[in-house]
Structure formats: structure tokens, C-alpha cells
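Peer 1: Next up, structure.csv (CSV, C-alpha atoms).
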```csv
chain,number,residue,atom,x,y,z
H,583,MET,CA,-9.3,3.0,-9.3
H,584,LEU,CA,-6.8,5.4,-7.6
H,585,SER,CA,-5.8,8.7,-9.0
H,586,ILE,CA,-3.4,11.0,-7.2
H,587,LYS,CA,-3.0,14.5,-8.6
H,588,ASN,CA,-0.3,17.0,-7.6
H,589,LEU,CA,-0.3,15.8,-4.0
H,590,HIS,CA,1.6,18.0,-1.6
H,591,VAL,CA,1.9,17.0,2.1
H,592,LYS,CA,3.4,18.8,5.1
H,593,ILE,CA,4.3,17.8,8.6
H,594,ASP,CA,5.2,20.6,11.0
H,595,ASP,CA,5.6,23.0,8.1
H,596,LYS,CA,8.1,20.8,6.4
H,597,GLU,CA,7.1,19.7,3.0
H,598,ILE,CA,7.5,16.0,2.5
H,599,LEU,CA,5.6,15.2,-0.6
H,600,ARG,CA,6.1,17.8,-3.3
H,601,GLY,CA,3.7,17.0,-6.1
H,602,ILE,CA,2.9,13.3,-6.5
H,603,ASP,CA,1.0,12.1,-9.6
H,604,LEU,CA,0.0,8.5,-9.7
H,605,LYS,CA,-2.7,6.5,-11.4
H,606,VAL,CA,-3.5,2.9,-10.5
H,607,LYS,CA,-5.9,0.8,-12.5
H,608,PRO,CA,-7.7,-2.4,-11.5
H,609,GLY,CA,-5.5,-5.5,-11.8
H,610,GLU,CA,-2.2,-3.6,-11.6
H,611,VAL,CA,0.7,-4.0,-9.2
H,612,HIS,CA,2.7,-0.9,-8.6
H,613,ALA,CA,6.0,-0.8,-6.7
H,614,ILE,CA,7.2,2.4,-5.0
H,615,MET,CA,10.9,2.4,-4.2
H,616,GLY,CA,13.3,5.1,-3.1
H,617,PRO,CA,16.0,5.9,-0.5
H,618,ASN,CA,15.2,6.5,3.2
H,619,GLY,CA,13.4,9.7,3.8
H,620,SER,CA,12.1,10.1,0.2
H,621,GLY,CA,8.4,10.1,1.4
H,622,LYS,CA,7.3,6.5,0.7
H,623,SER,CA,5.7,5.8,4.1
H,624,THR,CA,4.3,9.3,4.2
H,625,LEU,CA,2.4,8.6,1.0
H,626,ALA,CA,1.0,5.3,2.4
H,627,SER,CA,0.0,7.1,5.7
H,628,VAL,CA,-1.7,10.0,3.8
H,629,LEU,CA,-3.7,7.6,1.6
H,630,ALA,CA,-4.9,5.7,4.7
H,631,GLY,CA,-5.9,8.9,6.4
H,632,ASN,CA,-3.3,9.5,9.1
H,633,GLU,CA,-4.1,12.9,10.5
H,634,MET,CA,-0.5,13.7,11.5
H,635,PHE,CA,0.0,14.9,8.0
H,636,GLU,CA,-1.4,18.0,6.4
H,637,VAL,CA,-2.4,17.9,2.8
H,638,SER,CA,-1.6,21.4,1.4
H,639,GLU,CA,-2.5,20.8,-2.2
H,640,GLY,CA,-3.7,18.2,-4.7
H,641,GLU,CA,-6.4,15.5,-4.8
H,642,VAL,CA,-6.8,11.8,-4.3
H,643,LEU,CA,-9.7,10.0,-6.0
H,644,PHE,CA,-10.4,6.4,-5.0
H,645,ASN,CA,-13.2,4.8,-7.1
H,646,GLY,CA,-14.3,8.2,-8.1
H,647,HIS,CA,-14.6,9.6,-4.5
H,648,ASP,CA,-12.4,12.3,-3.1
H,649,ILE,CA,-11.0,10.5,-0.1
H,650,LEU,CA,-9.0,13.3,1.5
H,651,ASP,CA,-12.0,14.4,3.5
H,652,MET,CA,-13.0,10.9,4.5
H,653,ALA,CA,-12.2,9.3,7.9
H,654,PRO,CA,-9.7,6.4,7.8
H,655,GLU,CA,-12.5,3.9,8.7
H,656,ASP,CA,-14.6,5.1,5.8
H,657,ARG,CA,-11.7,4.7,3.4
H,658,ALA,CA,-11.3,1.2,4.7
H,659,ARG,CA,-15.0,0.5,4.1
H,660,GLU,CA,-14.6,1.7,0.6
H,661,GLY,CA,-12.0,-1.0,0.1
H,662,LEU,CA,-8.7,0.6,0.9
H,663,PHE,CA,-6.2,-1.5,3.0
H,664,LEU,CA,-2.9,-0.5,4.5
H,665,SER,CA,-0.5,-3.0,6.1
H,666,PHE,CA,1.7,-1.6,8.7
H,667,GLN,CA,5.5,-2.0,8.7
H,668,TYR,CA,5.4,-2.8,12.4
H,669,PRO,CA,1.9,-3.8,13.4
H,670,VAL,CA,0.9,-3.2,17.0
H,671,GLU,CA,-1.1,-5.7,19.0
H,672,ILE,CA,-4.0,-4.4,21.2
H,673,PRO,CA,-3.8,-6.4,24.5
H,674,GLY,CA,-6.9,-8.5,25.0
H,675,VAL,CA,-8.0,-8.3,21.3
H,676,SER,CA,-7.3,-11.5,19.4
H,677,MET,CA,-6.4,-11.5,15.8
H,678,VAL,CA,-9.6,-13.4,14.9
H,679,ASN,CA,-11.8,-11.0,16.8
H,680,PHE,CA,-10.0,-8.0,15.3
H,681,LEU,CA,-10.5,-9.4,11.7
H,682,ARG,CA,-14.1,-10.3,12.3
H,683,THR,CA,-14.9,-6.9,13.6
H,684,SER,CA,-13.2,-5.4,10.5
H,685,LEU,CA,-15.1,-7.6,8.2
H,686,ASN,CA,-18.4,-6.9,9.8
H,687,GLU,CA,-17.8,-3.2,9.6
H,688,ILE,CA,-17.2,-3.6,5.8
H,689,ARG,CA,-20.3,-5.8,5.5
H,690,LYS,CA,-22.5,-3.3,7.4
H,691,TYR,CA,-21.3,-0.6,5.0
H,692,ARG,CA,-22.3,-2.8,2.0
H,693,GLY,CA,-25.7,-3.4,3.6
H,694,GLN,CA,-24.9,-7.0,4.5
H,695,ASP,CA,-25.7,-8.8,7.7
H,696,PRO,CA,-22.9,-9.4,10.2
H,697,ILE,CA,-21.1,-12.7,10.0
H,698,SER,CA,-21.3,-15.0,13.1
H,699,ALA,CA,-18.2,-16.2,14.9
H,700,SER,CA,-18.6,-19.8,13.7
H,701,ASP,CA,-19.3,-18.8,10.1
H,702,PHE,CA,-16.3,-16.5,10.3
H,703,LEU,CA,-14.0,-19.3,11.5
H,704,LYS,CA,-15.4,-21.5,8.7
H,705,LEU,CA,-14.6,-18.9,6.1
H,706,MET,CA,-11.1,-18.4,7.5
H,707,ARG,CA,-10.4,-22.1,7.3
H,708,GLU,CA,-11.7,-22.2,3.7
H,709,LYS,CA,-9.4,-19.2,2.7
H,710,LYS,CA,-6.5,-20.9,4.4
H,711,LYS,CA,-7.1,-24.1,2.4
H,712,ALA,CA,-7.4,-22.1,-0.8
H,713,GLY,CA,-4.2,-20.3,-0.1
N,1223,MET,CA,-6.2,-9.3,3.4
N,1224,ALA,CA,-7.7,-12.6,2.2
N,1225,MET,CA,-10.6,-12.0,4.6
N,1226,LEU,CA,-11.2,-8.4,4.0
N,1227,GLU,CA,-10.8,-8.5,0.2
N,1228,PRO,CA,-9.7,-4.9,-0.3
N,1229,LYS,CA,-10.0,-3.2,-3.7
N,1230,LEU,CA,-6.6,-1.5,-3.1
N,1231,ALA,CA,-4.0,-2.9,-0.8
N,1232,ILE,CA,-1.0,-0.8,0.2
N,1233,LEU,CA,1.8,-2.9,1.6
N,1234,ASP,CA,4.2,-0.6,3.5
N,1235,GLU,CA,7.6,-2.3,3.7
N,1236,THR,CA,6.0,-5.6,4.6
N,1237,ASP,CA,9.3,-7.2,3.6
N,1238,SER,CA,11.5,-5.4,6.2
N,1239,GLY,CA,12.6,-7.8,8.9
N,1240,LEU,CA,11.4,-10.9,7.0
N,1241,ASP,CA,13.6,-13.8,6.2
N,1242,ILE,CA,13.6,-15.4,2.8
N,1243,ASP,CA,11.0,-18.1,3.7
N,1244,ALA,CA,8.6,-15.6,5.3
N,1245,LEU,CA,9.1,-13.3,2.3
N,1246,ARG,CA,8.1,-16.1,0.0
N,1247,THR,CA,5.0,-16.9,2.1
N,1248,VAL,CA,3.9,-13.2,2.0
N,1249,ALA,CA,4.6,-13.0,-1.7
N,1250,TYR,CA,2.7,-16.2,-2.4
N,1251,GLY,CA,-0.3,-14.8,-0.5
N,1252,VAL,CA,-0.3,-11.4,-2.3
N,1253,ASN,CA,0.0,-13.1,-5.7
N,1254,LYS,CA,-2.8,-15.5,-4.8
N,1255,LEU,CA,-5.1,-12.6,-4.0
N,1256,LYS,CA,-4.5,-10.8,-7.3
N,1257,ARG,CA,-7.6,-10.3,-9.3
N,1258,PRO,CA,-8.6,-8.3,-12.4
N,1259,ASP,CA,-10.7,-6.0,-10.1
N,1260,ASN,CA,-8.2,-5.2,-7.4
N,1261,ALA,CA,-4.8,-3.5,-7.2
N,1262,THR,CA,-1.8,-3.4,-5.0
N,1263,ILE,CA,0.8,-0.8,-4.2
N,1264,LEU,CA,4.0,-2.3,-2.8
N,1265,ILE,CA,6.3,0.1,-0.9
N,1266,THR,CA,9.8,-1.4,-0.6
N,1267,HIS,CA,13.4,-0.6,-0.2
N,1268,TYR,CA,14.7,-3.6,-1.9
N,1269,GLN,CA,14.3,-5.3,-5.2
N,1270,ARG,CA,14.1,-8.7,-3.4
N,1271,LEU,CA,10.4,-8.7,-2.8
N,1272,LEU,CA,9.9,-7.9,-6.5
N,1273,GLU,CA,11.5,-11.2,-7.5
N,1274,TYR,CA,8.4,-12.8,-6.0
N,1275,ILE,CA,5.7,-10.3,-6.7
N,1276,ILE,CA,6.3,-9.0,-10.3
N,1277,PRO,CA,5.1,-5.4,-10.5
N,1278,ASP,CA,3.6,-3.8,-13.6
N,1279,TYR,CA,5.2,-0.5,-12.8
N,1280,VAL,CA,8.1,0.6,-10.6
N,1281,HIS,CA,8.2,4.2,-9.4
N,1282,VAL,CA,11.1,5.9,-7.8
N,1283,LEU,CA,10.3,8.4,-5.1
N,1284,TYR,CA,12.9,11.0,-4.2
N,1285,HIS,CA,12.5,14.2,-2.3
N,1286,GLY,CA,8.8,13.9,-2.3
N,1287,ARG,CA,8.4,13.4,-6.0
N,1288,ILE,CA,8.1,10.5,-8.4
N,1289,VAL,CA,11.3,11.1,-10.4
N,1290,LYS,CA,11.3,7.9,-12.5
N,1291,THR,CA,8.7,5.3,-13.6
N,1292,GLY,CA,9.5,2.1,-15.4
N,1293,GLY,CA,8.8,-1.6,-15.6
N,1294,LYS,CA,10.3,-4.3,-13.4
N,1295,GLU,CA,13.7,-3.8,-15.1
N,1296,LEU,CA,13.9,-0.4,-13.3
N,1297,ALA,CA,14.0,-2.3,-10.0
N,1298,HIS,CA,16.9,-4.5,-11.3
N,1299,GLU,CA,18.7,-1.3,-12.3
N,1300,LEU,CA,18.3,0.1,-8.8
N,1301,GLU,CA,19.5,-3.1,-7.2
N,1302,ALA,CA,22.6,-3.0,-9.4
N,1303,LYS,CA,23.4,0.7,-9.2
N,1304,GLY,CA,21.8,1.8,-5.9
N,1305,TYR,CA,20.1,5.2,-5.5
N,1306,ASP,CA,23.1,7.4,-5.9
N,1307,TRP,CA,22.6,8.0,-9.6
N,1308,ILE,CA,19.0,9.0,-8.9
N,1309,LYS,CA,20.2,11.4,-6.2
N,1310,LYS,CA,22.8,13.0,-8.5
N,1311,GLU,CA,20.4,13.3,-11.4
N,1312,PHE,CA,17.6,15.0,-9.4
N,1313,GLU,CA,19.4,16.7,-6.5
N,1314,ASP,CA,18.9,20.3,-7.7
N,1315,ARG,CA,15.2,20.0,-8.4
```
In C-alpha cells, write the structure found in this file.

Peer 2:
Amino acid sequence: MLSIKNLHVKIDDKEILRGIDLKVKPGEVHAIMGPNGSGKSTLASVLAGNEMFEVSEGEVLFNGHDILDMAPEDRAREGLFLSFQYPVEIPGVSMVNFLRTSLNEIRKYRGQDPISASDFLKLMREKKKAG
Amino acid sequence: MAMLEPKLAILDETDSGLDIDALRTVAYGVNKLKRPDNATILITHYQRLLEYIIPDYVHVLYHGRIVKTGGKELAHELEAKGYDWIKKEFEDR
């Protein structure tokens, strides 16, 4: 599913990731631990497509696609998800609208019709019950 | 996450700033969404989250490299010994 090979990442000419190799298969849970400043969050940001970081070497394949040249939104459409440590709220955008827009972007990418507000709320209630 | 059904979810220190109850709620949600066709990467400082979400693999990142990989027992070892022994072992590389 995910294959990281010899990933090197720099920010302002400072090398933060110095050759990461990691393979994640479907069904697996991987934990990444390490002291402060070891590069944990940098790795997450680079996978999601944060442009602050410069990838100087290596490759990242996600479902067989090289995602390093893909925009963050296209990575998300392919099924990659990053939760933020400290999420920011966009004033005027409710969580429900935010989620529905995200879901509809993914549906559009898969060639499905957008989901209506009422169907979305119904789906949300069902998921909540199942959880 | 439940709504978007990602294939790969990366949780970046979701546990920081959460109390025990909130941590359990998050862990319950993550476990519930686990399927044979999706995967999760948990980024965490502490072993505590891994009491609730049992990882298949634990990787230790230090100075921009994965210096150690193990099972969930590696997380216990880190909790007991801290990171100093990792730093000592790998500081010149």
C-alpha cells in the first residue's frame, strides 16, 4: 500500500529525514516513535504533501503511484488521510460542511455523484450509531 | 475518518493534549475503523496510546532515520528506558 524508499527531506538546507525506508501493507498498524526533533512530524507532513519541505532523494509509492509529484488534494482523493496535531478551524465553515465537501471531492474522483446534505447527515448518524 | 474511509490514515500525535477518557474514545474509533484493506500510521511520543491501539510494528525514528523496528514490546521497552539508550547507540551515525 505504502512504500517509502531512501527518503531524504530538507528544510532551509537542513536535512531532517536522512534515508527513511518503510513499507506498510493493508491491514497493518504501524507506530512511529522517537524523541522530539527526530523527524516524526516532518515525515507525516511530507507524505501529506506539505510544500514547505524539499524532497532531495528517494521515492514514495502509494497504491503503486509515485505521490511525491501529486498535489495534497490528489493524495487525499487517492485515499491518504492526515490528522493534525492541532487542527485549525476555518471561521464560517462548519465541521459538517467541511466533511461533506471532502467526501464529495473523493466521490467526484471515483466517478460517483455528490451526496446531498440530508443524505450526508443520515450517513453520519448511521456511522455514529455503528461506532 | 469514519466518513472519508481513507485507505491510509496518518495520525500525527493525536494523543497529545488528550486526557485518558478522550484517548480511549479516539482509540476505540481507530480500532473500529480497522479493516483488512486499510492501514494506519500512528505517530506518538508515548506508549500510552499503544495500550489501546495495538500496533503490528513499532519504529523508532532518530536523527531522520528509522534506527529500530520491533513489535509492540519495543514500545514497552521505550516507556521503561526512555530514549537515551537509543541516542547513545546511534549518536555517531

Peer 1: Can you work out the spacing between atom CA of N:Ala1261 and atom CA of N:Glu1227 in Å, to one decimal?

Peer 2: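 Between atom CA of N:Ala1261 and atom CA of N:Glu1227 the gap is 10.8 Å.
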
Peer 1: Excluding H:Lys622 and any residue of its chain fewer than 4 positions from it, enumerate the residues within 9 Å of it, using only C-alpha atoms, and give them as a PyMOL selection string.

Peer 2: (chain H and resi 599+614-618+626-627) or (chain N and resi 1234+1265-1266+1283-1284+1286)

Peer 1: If you take all atoms listed in the file and a cut-off of 7 Å, which residues of chain N touch chain H, and what are their nearest atom pairs and distances in Å to one decimal, in chain and number order, as CSV?

Peer 2:
```
residue,atom,partner,partner_atom,distance
N:Ala1224,CA,H:Lys709,CA,6.8
N:Leu1226,CA,H:Leu685,CA,5.8
N:Pro1228,CA,H:Gly661,CA,4.5
N:Lys1229,CA,H:Gly661,CA,4.8
N:Leu1230,CA,H:Leu662,CA,5.0
N:Ala1231,CA,H:Phe663,CA,4.6
N:Ile1232,CA,H:Leu664,CA,4.7
N:Leu1233,CA,H:Ser665,CA,5.1
N:Asp1234,CA,H:Gln667,CA,5.5
N:Glu1235,CA,H:Gln667,CA,5.4
N:Thr1236,CA,H:Gln667,CA,5.5
N:Gly1251,CA,H:Gly713,CA,6.8
N:Lys1254,CA,H:Gly713,CA,6.9
N:Arg1257,CA,H:Gly609,CA,5.8
N:Pro1258,CA,H:Gly609,CA,4.2
N:Asp1259,CA,H:Pro608,CA,4.9
N:Asn1260,CA,H:Pro608,CA,5.0
N:Ala1261,CA,H:Gly609,CA,5.1
N:Thr1262,CA,H:Val611,CA,4.9
N:Ile1263,CA,H:His612,CA,4.8
N:Leu1264,CA,H:Ala613,CA,4.6
N:Ile1265,CA,H:Ile614,CA,4.8
N:Thr1266,CA,H:Met615,CA,5.3
N:His1267,CA,H:Met615,CA,5.6
N:Pro1277,CA,H:Val611,CA,4.8
N:Asp1278,CA,H:Val611,CA,5.3
N:Tyr1279,CA,H:His612,CA,4.9
N:Val1280,CA,H:Ala613,CA,4.6
N:His1281,CA,H:Ile614,CA,4.9
N:Val1282,CA,H:Met615,CA,5.0
N:Leu1283,CA,H:Gly616,CA,4.9
N:Tyr1284,CA,H:Ser620,CA,4.6
N:His1285,CA,H:Ser620,CA,4.8
N:Gly1286,CA,H:Leu599,CA,3.8
N:Arg1287,CA,H:Ile602,CA,5.5
N:Ile1288,CA,H:Ile602,CA,6.2
N:Tyr1305,CA,H:Pro617,CA,6.5
```

Peer 1: Scan for residues within 10 Å of the point (-7.0, 19.2, -6.9) in the coordinates of the file, using only C-alpha atoms, and reply as a list in words.

Peer 2: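 Those within range, by chain then number, are Ile586, Lys587, Asn588, Leu589, Glu639, Gly640, Glu641, Val642, Leu643 and Asp648 of chain H.
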
Peer 1: Could you write those residues out with C-alpha atoms, as an mmCIF file, in the coordinates of the input?

Peer 2:
```cif
data_model
loop_
_atom_site.group_PDB
_atom_site.id
_atom_site.type_symbol
_atom_site.label_atom_id
_atom_site.label_comp_id
_atom_site.auth_asym_id
_atom_site.auth_seq_id
_atom_site.Cartn_x
_atom_site.Cartn_y
_atom_site.Cartn_z
ATOM 1 C CA ILE H 586 -3.400 11.000 -7.200
ATOM 2 C CA LYS H 587 -3.000 14.500 -8.600
ATOM 3 C CA ASN H 588 -0.300 17.000 -7.600
ATOM 4 C CA LEU H 589 -0.300 15.800 -4.000
ATOM 5 C CA GLU H 639 -2.500 20.800 -2.200
ATOM 6 C CA GLY H 640 -3.700 18.200 -4.700
ATOM 7 C CA GLU H 641 -6.400 15.500 -4.800
ATOM 8 C CA VAL H 642 -6.800 11.800 -4.300
ATOM 9 C CA LEU H 643 -9.700 10.000 -6.000
ATOM 10 C CA ASP H 648 -12.400 12.300 -3.100
#
```

Peer 1: Tell me which of N:Met1223, N:Val1252, N:Gln1269, N:Ala1297 sits closest to N:Ser1238, counting all atoms listed in the file.

Peer 2: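 Nearest candidate to N:Ser1238 out of N:Met1223, N:Val1252, N:Gln1269, N:Ala1297: N:Gln1269.
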
Peer 1: What is the distance between atom CA of N:Glu1299 and atom CA of N:Glu1313, in Å to one decimal?

Peer 2: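 These atoms are spaced 18.9 Å apart.
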
Peer 1: My structure is short of atoms at stretch 604-615 of chain H; please model all heavy atoms there, returning them as a PDB file, in the coordinates of the input.

Peer 2:
```pdb
ATOM      1  N   LEU H 604       0.011   9.944  -9.571  1.00  0.00           N
ATOM      2  CA  LEU H 604       0.000   8.500  -9.700  1.00  0.00           C
ATOM      3  C   LEU H 604      -1.373   7.985 -10.055  1.00  0.00           C
ATOM      4  O   LEU H 604      -2.354   8.429  -9.461  1.00  0.00           O
ATOM      5  CB  LEU H 604       0.523   7.837  -8.416  1.00  0.00           C
ATOM      6  CG  LEU H 604       0.617   6.309  -8.376  1.00  0.00           C
ATOM      7  CD1 LEU H 604       1.667   5.791  -9.345  1.00  0.00           C
ATOM      8  CD2 LEU H 604       0.958   5.830  -6.970  1.00  0.00           C
ATOM      9  N   LYS H 605      -1.437   7.088 -11.038  1.00  0.00           N
ATOM     10  CA  LYS H 605      -2.700   6.500 -11.400  1.00  0.00           C
ATOM     11  C   LYS H 605      -2.574   4.958 -11.280  1.00  0.00           C
ATOM     12  O   LYS H 605      -1.626   4.400 -11.824  1.00  0.00           O
ATOM     13  CB  LYS H 605      -3.099   6.830 -12.830  1.00  0.00           C
ATOM     14  CG  LYS H 605      -3.923   8.082 -12.936  1.00  0.00           C
ATOM     15  CD  LYS H 605      -4.487   8.191 -14.349  1.00  0.00           C
ATOM     16  CE  LYS H 605      -5.522   9.267 -14.494  1.00  0.00           C
ATOM     17  NZ  LYS H 605      -5.270  10.562 -13.956  1.00  0.00           N
ATOM     18  N   VAL H 606      -3.491   4.322 -10.591  1.00  0.00           N
ATOM     19  CA  VAL H 606      -3.500   2.900 -10.500  1.00  0.00           C
ATOM     20  C   VAL H 606      -4.792   2.329 -10.991  1.00  0.00           C
ATOM     21  O   VAL H 606      -5.866   2.764 -10.558  1.00  0.00           O
ATOM     22  CB  VAL H 606      -3.286   2.438  -8.983  1.00  0.00           C
ATOM     23  CG1 VAL H 606      -3.327   0.926  -8.854  1.00  0.00           C
ATOM     24  CG2 VAL H 606      -1.972   2.978  -8.431  1.00  0.00           C
ATOM     25  N   LYS H 607      -4.705   1.409 -11.939  1.00  0.00           N
ATOM     26  CA  LYS H 607      -5.900   0.800 -12.500  1.00  0.00           C
ATOM     27  C   LYS H 607      -6.159  -0.566 -11.904  1.00  0.00           C
ATOM     28  O   LYS H 607      -5.215  -1.208 -11.433  1.00  0.00           O
ATOM     29  CB  LYS H 607      -5.758   0.680 -14.025  1.00  0.00           C
ATOM     30  CG  LYS H 607      -5.646   1.995 -14.751  1.00  0.00           C
ATOM     31  CD  LYS H 607      -5.919   1.784 -16.252  1.00  0.00           C
ATOM     32  CE  LYS H 607      -5.457   2.977 -17.043  1.00  0.00           C
ATOM     33  NZ  LYS H 607      -4.181   2.768 -17.730  1.00  0.00           N
ATOM     34  N   PRO H 608      -7.401  -1.055 -11.975  1.00  0.00           N
ATOM     35  CA  PRO H 608      -7.700  -2.400 -11.500  1.00  0.00           C
ATOM     36  C   PRO H 608      -6.775  -3.440 -12.106  1.00  0.00           C
ATOM     37  O   PRO H 608      -6.492  -3.354 -13.304  1.00  0.00           O
ATOM     38  CB  PRO H 608      -9.142  -2.637 -11.830  1.00  0.00           C
ATOM     39  CG  PRO H 608      -9.726  -1.288 -12.014  1.00  0.00           C
ATOM     40  CD  PRO H 608      -8.621  -0.397 -12.479  1.00  0.00           C
ATOM     41  N   GLY H 609      -6.335  -4.396 -11.320  1.00  0.00           N
ATOM     42  CA  GLY H 609      -5.500  -5.500 -11.800  1.00  0.00           C
ATOM     43  C   GLY H 609      -4.020  -5.180 -11.842  1.00  0.00           C
ATOM     44  O   GLY H 609      -3.219  -6.054 -12.144  1.00  0.00           O
ATOM     45  N   GLU H 610      -3.636  -3.943 -11.502  1.00  0.00           N
ATOM     46  CA  GLU H 610      -2.200  -3.600 -11.600  1.00  0.00           C
ATOM     47  C   GLU H 610      -1.506  -3.714 -10.252  1.00  0.00           C
ATOM     48  O   GLU H 610      -2.087  -3.568  -9.190  1.00  0.00           O
ATOM     49  CB  GLU H 610      -2.089  -2.108 -12.048  1.00  0.00           C
ATOM     50  CG  GLU H 610      -2.469  -1.902 -13.495  1.00  0.00           C
ATOM     51  CD  GLU H 610      -2.361  -0.446 -13.935  1.00  0.00           C
ATOM     52  OE1 GLU H 610      -2.214   0.451 -13.081  1.00  0.00           O
ATOM     53  OE2 GLU H 610      -2.448  -0.205 -15.143  1.00  0.00           O
ATOM     54  N   VAL H 611      -0.200  -3.995 -10.355  1.00  0.00           N
ATOM     55  CA  VAL H 611       0.700  -4.000  -9.200  1.00  0.00           C
ATOM     56  C   VAL H 611       1.719  -2.888  -9.407  1.00  0.00           C
ATOM     57  O   VAL H 611       2.437  -2.900 -10.408  1.00  0.00           O
ATOM     58  CB  VAL H 611       1.381  -5.344  -8.990  1.00  0.00           C
ATOM     59  CG1 VAL H 611       2.376  -5.271  -7.835  1.00  0.00           C
ATOM     60  CG2 VAL H 611       0.364  -6.450  -8.745  1.00  0.00           C
ATOM     61  N   HIS H 612       1.763  -1.941  -8.485  1.00  0.00           N
ATOM     62  CA  HIS H 612       2.700  -0.900  -8.600  1.00  0.00           C
ATOM     63  C   HIS H 612       3.726  -0.995  -7.422  1.00  0.00           C
ATOM     64  O   HIS H 612       3.327  -1.225  -6.287  1.00  0.00           O
ATOM     65  CB  HIS H 612       2.053   0.510  -8.446  1.00  0.00           C
ATOM     66  CG  HIS H 612       1.243   0.871  -9.645  1.00  0.00           C
ATOM     67  ND1 HIS H 612       1.575   1.909 -10.471  1.00  0.00           N
ATOM     68  CD2 HIS H 612       0.125   0.321 -10.165  1.00  0.00           C
ATOM     69  CE1 HIS H 612       0.683   1.996 -11.451  1.00  0.00           C
ATOM     70  NE2 HIS H 612      -0.209   1.039 -11.283  1.00  0.00           N
ATOM     71  N   ALA H 613       5.006  -0.839  -7.721  1.00  0.00           N
ATOM     72  CA  ALA H 613       6.000  -0.800  -6.700  1.00  0.00           C
ATOM     73  C   ALA H 613       6.511   0.605  -6.519  1.00  0.00           C
ATOM     74  O   ALA H 613       6.749   1.293  -7.511  1.00  0.00           O
ATOM     75  CB  ALA H 613       7.160  -1.750  -7.014  1.00  0.00           C
ATOM     76  N   ILE H 614       6.634   1.052  -5.286  1.00  0.00           N
ATOM     77  CA  ILE H 614       7.200   2.400  -5.000  1.00  0.00           C
ATOM     78  C   ILE H 614       8.502   2.167  -4.255  1.00  0.00           C
ATOM     79  O   ILE H 614       8.508   1.588  -3.177  1.00  0.00           O
ATOM     80  CB  ILE H 614       6.239   3.271  -4.258  1.00  0.00           C
ATOM     81  CG1 ILE H 614       4.979   3.491  -5.113  1.00  0.00           C
ATOM     82  CG2 ILE H 614       6.899   4.605  -3.918  1.00  0.00           C
ATOM     83  CD1 ILE H 614       3.949   4.373  -4.501  1.00  0.00           C
ATOM     84  N   MET H 615       9.602   2.583  -4.867  1.00  0.00           N
ATOM     85  CA  MET H 615      10.900   2.400  -4.200  1.00  0.00           C
ATOM     86  C   MET H 615      11.510   3.806  -4.016  1.00  0.00           C
ATOM     87  O   MET H 615      10.997   4.807  -4.505  1.00  0.00           O
ATOM     88  CB  MET H 615      11.814   1.590  -5.145  1.00  0.00           C
ATOM     89  CG  MET H 615      11.226   0.216  -5.463  1.00  0.00           C
ATOM     90  SD  MET H 615      12.280  -0.796  -6.506  1.00  0.00           S
ATOM     91  CE  MET H 615      13.535  -1.287  -5.331  1.00  0.00           C
TER      92      MET H 615
END
```
